[in-house]
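To be precise, the following lines are upload02.pdb, and they hold PDB, C-alpha atoms.
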```pdb
ATOM      1  CA  MET A 235      37.676 -22.543  35.668  1.00  0.00           C
ATOM      2  CA  LEU A 236      40.999 -24.242  35.073  1.00  0.00           C
ATOM      3  CA  TYR A 237      39.543 -26.947  32.857  1.00  0.00           C
ATOM      4  CA  GLU A 238      37.527 -24.741  30.529  1.00  0.00           C
ATOM      5  CA  GLU A 239      38.859 -23.557  27.179  1.00  0.00           C
ATOM      6  CA  GLY A 240      40.968 -20.467  27.776  1.00  0.00           C
ATOM      7  CA  GLN A 241      40.646 -20.828  31.578  1.00  0.00           C
ATOM      8  CA  PRO A 242      38.150 -17.946  31.875  1.00  0.00           C
ATOM      9  CA  ALA A 243      37.899 -15.845  35.011  1.00  0.00           C
ATOM     10  CA  SER A 244      34.649 -14.566  36.513  1.00  0.00           C
ATOM     11  CA  GLN A 245      33.668 -11.685  38.715  1.00  0.00           C
ATOM     12  CA  VAL A 246      31.878 -13.003  41.822  1.00  0.00           C
ATOM     13  CA  ARG A 247      29.397 -11.061  43.948  1.00  0.00           C
ATOM     14  CA  LEU A 248      28.161 -12.464  47.246  1.00  0.00           C
ATOM     15  CA  THR A 249      24.380 -12.060  47.353  1.00  0.00           C
ATOM     16  CA  LEU A 250      23.511 -14.068  50.479  1.00  0.00           C
ATOM     17  CA  CYS A 251      25.517 -15.486  53.357  1.00  0.00           C
ATOM     18  CA  ALA A 252      23.926 -17.329  56.260  1.00  0.00           C
ATOM     19  CA  PRO A 253      26.880 -18.952  58.069  1.00  0.00           C
ATOM     20  CA  HIS A 254      26.643 -22.743  58.352  1.00  0.00           C
ATOM     21  CA  GLU A 255      23.423 -22.737  56.266  1.00  0.00           C
ATOM     22  CA  ARG A 256      23.479 -20.999  52.873  1.00  0.00           C
ATOM     23  CA  LEU A 257      25.735 -19.167  50.468  1.00  0.00           C
ATOM     24  CA  ARG A 258      24.557 -17.572  47.255  1.00  0.00           C
ATOM     25  CA  VAL A 259      26.774 -15.905  44.681  1.00  0.00           C
ATOM     26  CA  LEU A 260      26.348 -14.305  41.290  1.00  0.00           C
ATOM     27  CA  LEU A 261      29.157 -15.008  38.837  1.00  0.00           C
ATOM     28  CA  ALA A 262      29.512 -12.856  35.730  1.00  0.00           C
ATOM     29  CA  ASP A 263      31.784 -13.356  32.741  1.00  0.00           C
ATOM     30  CA  ASP A 264      31.783 -12.852  28.976  1.00  0.00           C
ATOM     31  CA  GLY A 265      29.247 -15.675  28.607  1.00  0.00           C
ATOM     32  CA  GLY A 266      26.646 -14.170  30.942  1.00  0.00           C
ATOM     33  CA  SER A 267      25.820 -14.652  34.591  1.00  0.00           C
ATOM     34  CA  TRP A 268      25.405 -17.636  36.889  1.00  0.00           C
ATOM     35  CA  ASP A 269      23.237 -17.538  40.019  1.00  0.00           C
ATOM     36  CA  LEU A 270      24.641 -20.249  42.320  1.00  0.00           C
ATOM     37  CA  GLU A 271      23.597 -21.365  45.779  1.00  0.00           C
ATOM     38  CA  VAL A 272      25.004 -23.836  48.293  1.00  0.00           C
ATOM     39  CA  ARG A 273      22.830 -25.086  51.155  1.00  0.00           C
ATOM     40  CA  LEU A 274      24.315 -27.000  54.071  1.00  0.00           C
ATOM     41  CA  ARG A 275      22.410 -29.157  56.540  1.00  0.00           C
ATOM     42  CA  ASP A 276      23.023 -31.887  59.075  1.00  0.00           C
ATOM     43  CA  HIS A 277      22.634 -35.341  57.571  1.00  0.00           C
ATOM     44  CA  ASP A 278      23.394 -38.736  59.151  1.00  0.00           C
ATOM     45  CA  GLY A 279      26.148 -37.404  61.408  1.00  0.00           C
ATOM     46  CA  GLY A 280      27.725 -35.344  58.631  1.00  0.00           C
ATOM     47  CA  THR A 281      26.862 -32.426  56.426  1.00  0.00           C
ATOM     48  CA  ARG A 282      24.808 -32.546  53.254  1.00  0.00           C
ATOM     49  CA  LEU A 283      25.679 -30.020  50.565  1.00  0.00           C
ATOM     50  CA  ASP A 284      22.959 -29.088  48.080  1.00  0.00           C
ATOM     51  CA  PHE A 285      24.384 -27.267  45.066  1.00  0.00           C
ATOM     52  CA  ILE A 286      21.789 -25.245  43.156  1.00  0.00           C
ATOM     53  CA  GLN A 287      22.069 -23.214  39.995  1.00  0.00           C
ATOM     54  CA  HIS A 288      19.079 -20.944  39.565  1.00  0.00           C
ATOM     55  CA  LEU A 289      18.073 -20.868  35.896  1.00  0.00           C
ATOM     56  CA  ALA A 290      15.502 -18.549  34.350  1.00  0.00           C
ATOM     57  CA  ASP A 291      15.231 -20.995  31.422  1.00  0.00           C
ATOM     58  CA  PRO A 292      15.578 -24.754  32.103  1.00  0.00           C
ATOM     59  CA  ALA A 293      16.866 -25.550  28.587  1.00  0.00           C
ATOM     60  CA  PRO A 294      20.598 -25.026  29.323  1.00  0.00           C
ATOM     61  CA  ALA A 295      20.500 -27.551  32.202  1.00  0.00           C
ATOM     62  CA  GLU A 296      21.174 -30.371  29.729  1.00  0.00           C
ATOM     63  CA  ASP A 297      24.635 -28.918  29.060  1.00  0.00           C
ATOM     64  CA  ILE A 298      25.344 -27.182  32.378  1.00  0.00           C
ATOM     65  CA  GLY A 299      24.361 -30.003  34.763  1.00  0.00           C
ATOM     66  CA  PRO A 300      26.955 -32.549  33.607  1.00  0.00           C
ATOM     67  CA  GLY A 301      29.657 -29.871  33.794  1.00  0.00           C
ATOM     68  CA  TRP A 302      28.865 -29.011  37.403  1.00  0.00           C
ATOM     69  CA  GLU A 303      28.725 -32.692  38.330  1.00  0.00           C
ATOM     70  CA  TYR A 304      32.187 -33.081  36.818  1.00  0.00           C
ATOM     71  CA  TYR A 305      33.552 -30.185  38.890  1.00  0.00           C
ATOM     72  CA  LEU A 306      31.942 -31.487  42.079  1.00  0.00           C
ATOM     73  CA  ASP A 307      33.401 -34.954  41.412  1.00  0.00           C
ATOM     74  CA  ARG A 308      36.817 -33.292  40.926  1.00  0.00           C
ATOM     75  CA  LEU A 309      36.368 -31.617  44.324  1.00  0.00           C
ATOM     76  CA  GLU A 310      35.529 -34.953  45.952  1.00  0.00           C
ATOM     77  CA  ALA A 311      38.542 -36.623  44.308  1.00  0.00           C
ATOM     78  CA  ALA A 312      40.814 -33.817  45.537  1.00  0.00           C
ATOM     79  CA  ARG A 313      39.420 -34.131  49.069  1.00  0.00           C
ATOM     80  CA  SER A 314      39.699 -37.931  49.165  1.00  0.00           C
ATOM     81  CA  GLY A 315      42.946 -38.295  47.225  1.00  0.00           C
ATOM     82  CA  GLY A 316      41.138 -40.434  44.656  1.00  0.00           C
ATOM     83  CA  PRO A 317      41.630 -40.356  40.894  1.00  0.00           C
ATOM     84  CA  GLN A 318      40.392 -37.313  39.000  1.00  0.00           C
ATOM     85  CA  PRO A 319      37.357 -38.014  36.803  1.00  0.00           C
ATOM     86  CA  ASP A 320      37.529 -37.975  33.009  1.00  0.00           C
ATOM     87  CA  PHE A 321      34.785 -35.753  31.596  1.00  0.00           C
ATOM     88  CA  ASP A 322      34.381 -37.765  28.409  1.00  0.00           C
ATOM     89  CA  GLN A 323      33.776 -41.050  30.264  1.00  0.00           C
ATOM     90  CA  HIS A 324      30.166 -40.504  31.343  1.00  0.00           C
ATOM     91  CA  TYR A 325      29.241 -36.887  32.030  1.00  0.00           C
ATOM     92  CA  LEU A 326      27.807 -36.129  28.593  1.00  0.00           C
ATOM     93  CA  GLU A 327      25.395 -39.077  28.962  1.00  0.00           C
ATOM     94  CA  GLN A 328      23.807 -37.283  31.930  1.00  0.00           C
ATOM     95  CA  GLY A 329      22.401 -34.412  29.847  1.00  0.00           C
ATOM     96  CA  PRO A 330      18.872 -35.872  29.459  1.00  0.00           C
ATOM     97  CA  TYR A 331      18.672 -36.492  33.233  1.00  0.00           C
ATOM     98  CA  TYR A 332      19.472 -32.856  33.993  1.00  0.00           C
ATOM     99  CA  ALA A 333      17.092 -31.621  31.302  1.00  0.00           C
ATOM    100  CA  ALA A 334      14.249 -33.637  32.865  1.00  0.00           C
ATOM    101  CA  GLN A 335      15.127 -32.370  36.366  1.00  0.00           C
ATOM    102  CA  ALA A 336      15.100 -28.759  35.161  1.00  0.00           C
ATOM    103  CA  ARG A 337      11.763 -29.199  33.337  1.00  0.00           C
ATOM    104  CA  ASP A 338      10.219 -30.749  36.466  1.00  0.00           C
ATOM    105  CA  ALA A 339      11.552 -27.956  38.673  1.00  0.00           C
ATOM    106  CA  ALA A 340      10.271 -25.289  36.278  1.00  0.00           C
ATOM    107  CA  ALA A 341       6.810 -26.896  36.299  1.00  0.00           C
ATOM    108  CA  SER A 342       6.655 -27.104  40.098  1.00  0.00           C
ATOM    109  CA  PRO A 343       5.212 -24.290  42.160  1.00  0.00           C
ATOM    110  CA  PRO A 344       7.840 -22.295  44.087  1.00  0.00           C
ATOM    111  CA  PRO A 345       8.403 -23.401  47.699  1.00  0.00           C
ATOM    112  CA  ALA A 346       6.394 -21.549  50.308  1.00  0.00           C
TER     113      ALA A 346
END
```

Translate this file's structure into structure tokens.
Amino acid sequence: MLYEEGQPASQVRLTLCAPHERLRVLLADDGGSWDLEVRLRDHDGGTRLDFIQHLADPAPAEDIGPGWEYYLDRLEAARSGGPQPDFDQHYLEQGPYYAAQARDAAASPPPA
């Protein structure tokens, strides 16, 4: 977390690993725990990555979602050699979008 105040470190525990398909980890730090999942699948001749943070309460998504999008955009910029994003430019505007997505997901029945 090099771009967070104080550059906090987290303990990471692998909770699921299905090579070439899914990875799920539990991160724990002074602020609590984060249940994160990455799903990979074939998509248009490439690989689609779905990044999921499992939340017991959808309310924090308004703050958390823009932060993760920023970090994923940093990853893409590092991979492509493009310019690094500036968090203050547009990420905070995305909070309502993530809040609505989290409310919709919480209201939906779990997948079968």

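Of the listed residues (A:Ser342, A:Gln335, A:Gln328, A:Thr249), A:Gln335 comes nearest to Ala293 of chain A; the distances count all atoms listed in the file.
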
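With all atoms listed in the file as the atoms that count, the minimum distance from Ala290 of chain A to the choices A:Ser267, A:Asp278, A:Tyr325, A:Ala252 is reached by A:Ser267.
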
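The residues returned by the PyMOL selection byres ((chain A and resi 258) around 7) for this structure are Leu248, Thr249, Leu250, Cys251, Arg256, Leu257, Val259, Leu270, Glu271 and Val272 of chain A.
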
Using the chain letters and numbers from this file, what does the PyMOL selection byres ((chain A and resi 336) around 10) select? Give the answer as a compact mmCIF listing (two decimals) with C-alpha atoms, keeping the file's coordinate frame.
```txt
# COMPACT_ATOMS: atom_id res chain seq x y z
CA HIS A 288 19.08 -20.94 39.56
CA LEU A 289 18.07 -20.87 35.90
CA ASP A 291 15.23 -21.00 31.42
CA PRO A 292 15.58 -24.75 32.10
CA ALA A 293 16.87 -25.55 28.59
CA PRO A 294 20.60 -25.03 29.32
CA ALA A 295 20.50 -27.55 32.20
CA GLU A 296 21.17 -30.37 29.73
CA GLY A 299 24.36 -30.00 34.76
CA PRO A 330 18.87 -35.87 29.46
CA TYR A 331 18.67 -36.49 33.23
CA TYR A 332 19.47 -32.86 33.99
CA ALA A 333 17.09 -31.62 31.30
CA ALA A 334 14.25 -33.64 32.86
CA GLN A 335 15.13 -32.37 36.37
CA ARG A 337 11.76 -29.20 33.34
CA ASP A 338 10.22 -30.75 36.47
CA ALA A 339 11.55 -27.96 38.67
CA ALA A 340 10.27 -25.29 36.28
CA ALA A 341 6.81 -26.90 36.30
CA SER A 342 6.66 -27.10 40.10
```

So what do you get for atom CA of Pro300 of chain A versus atom CA of His324 of chain A, distance-wise?
8.9 Å

If you measure from atom CA of Asp269 of chain A to atom CA of Gln318 of chain A, what distance in Å do you get, rounded to one decimal?
26.2 Å

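Separating atom CA of Asp284 of chain A from atom CA of Arg247 of chain A is a distance of 19.6 Å.
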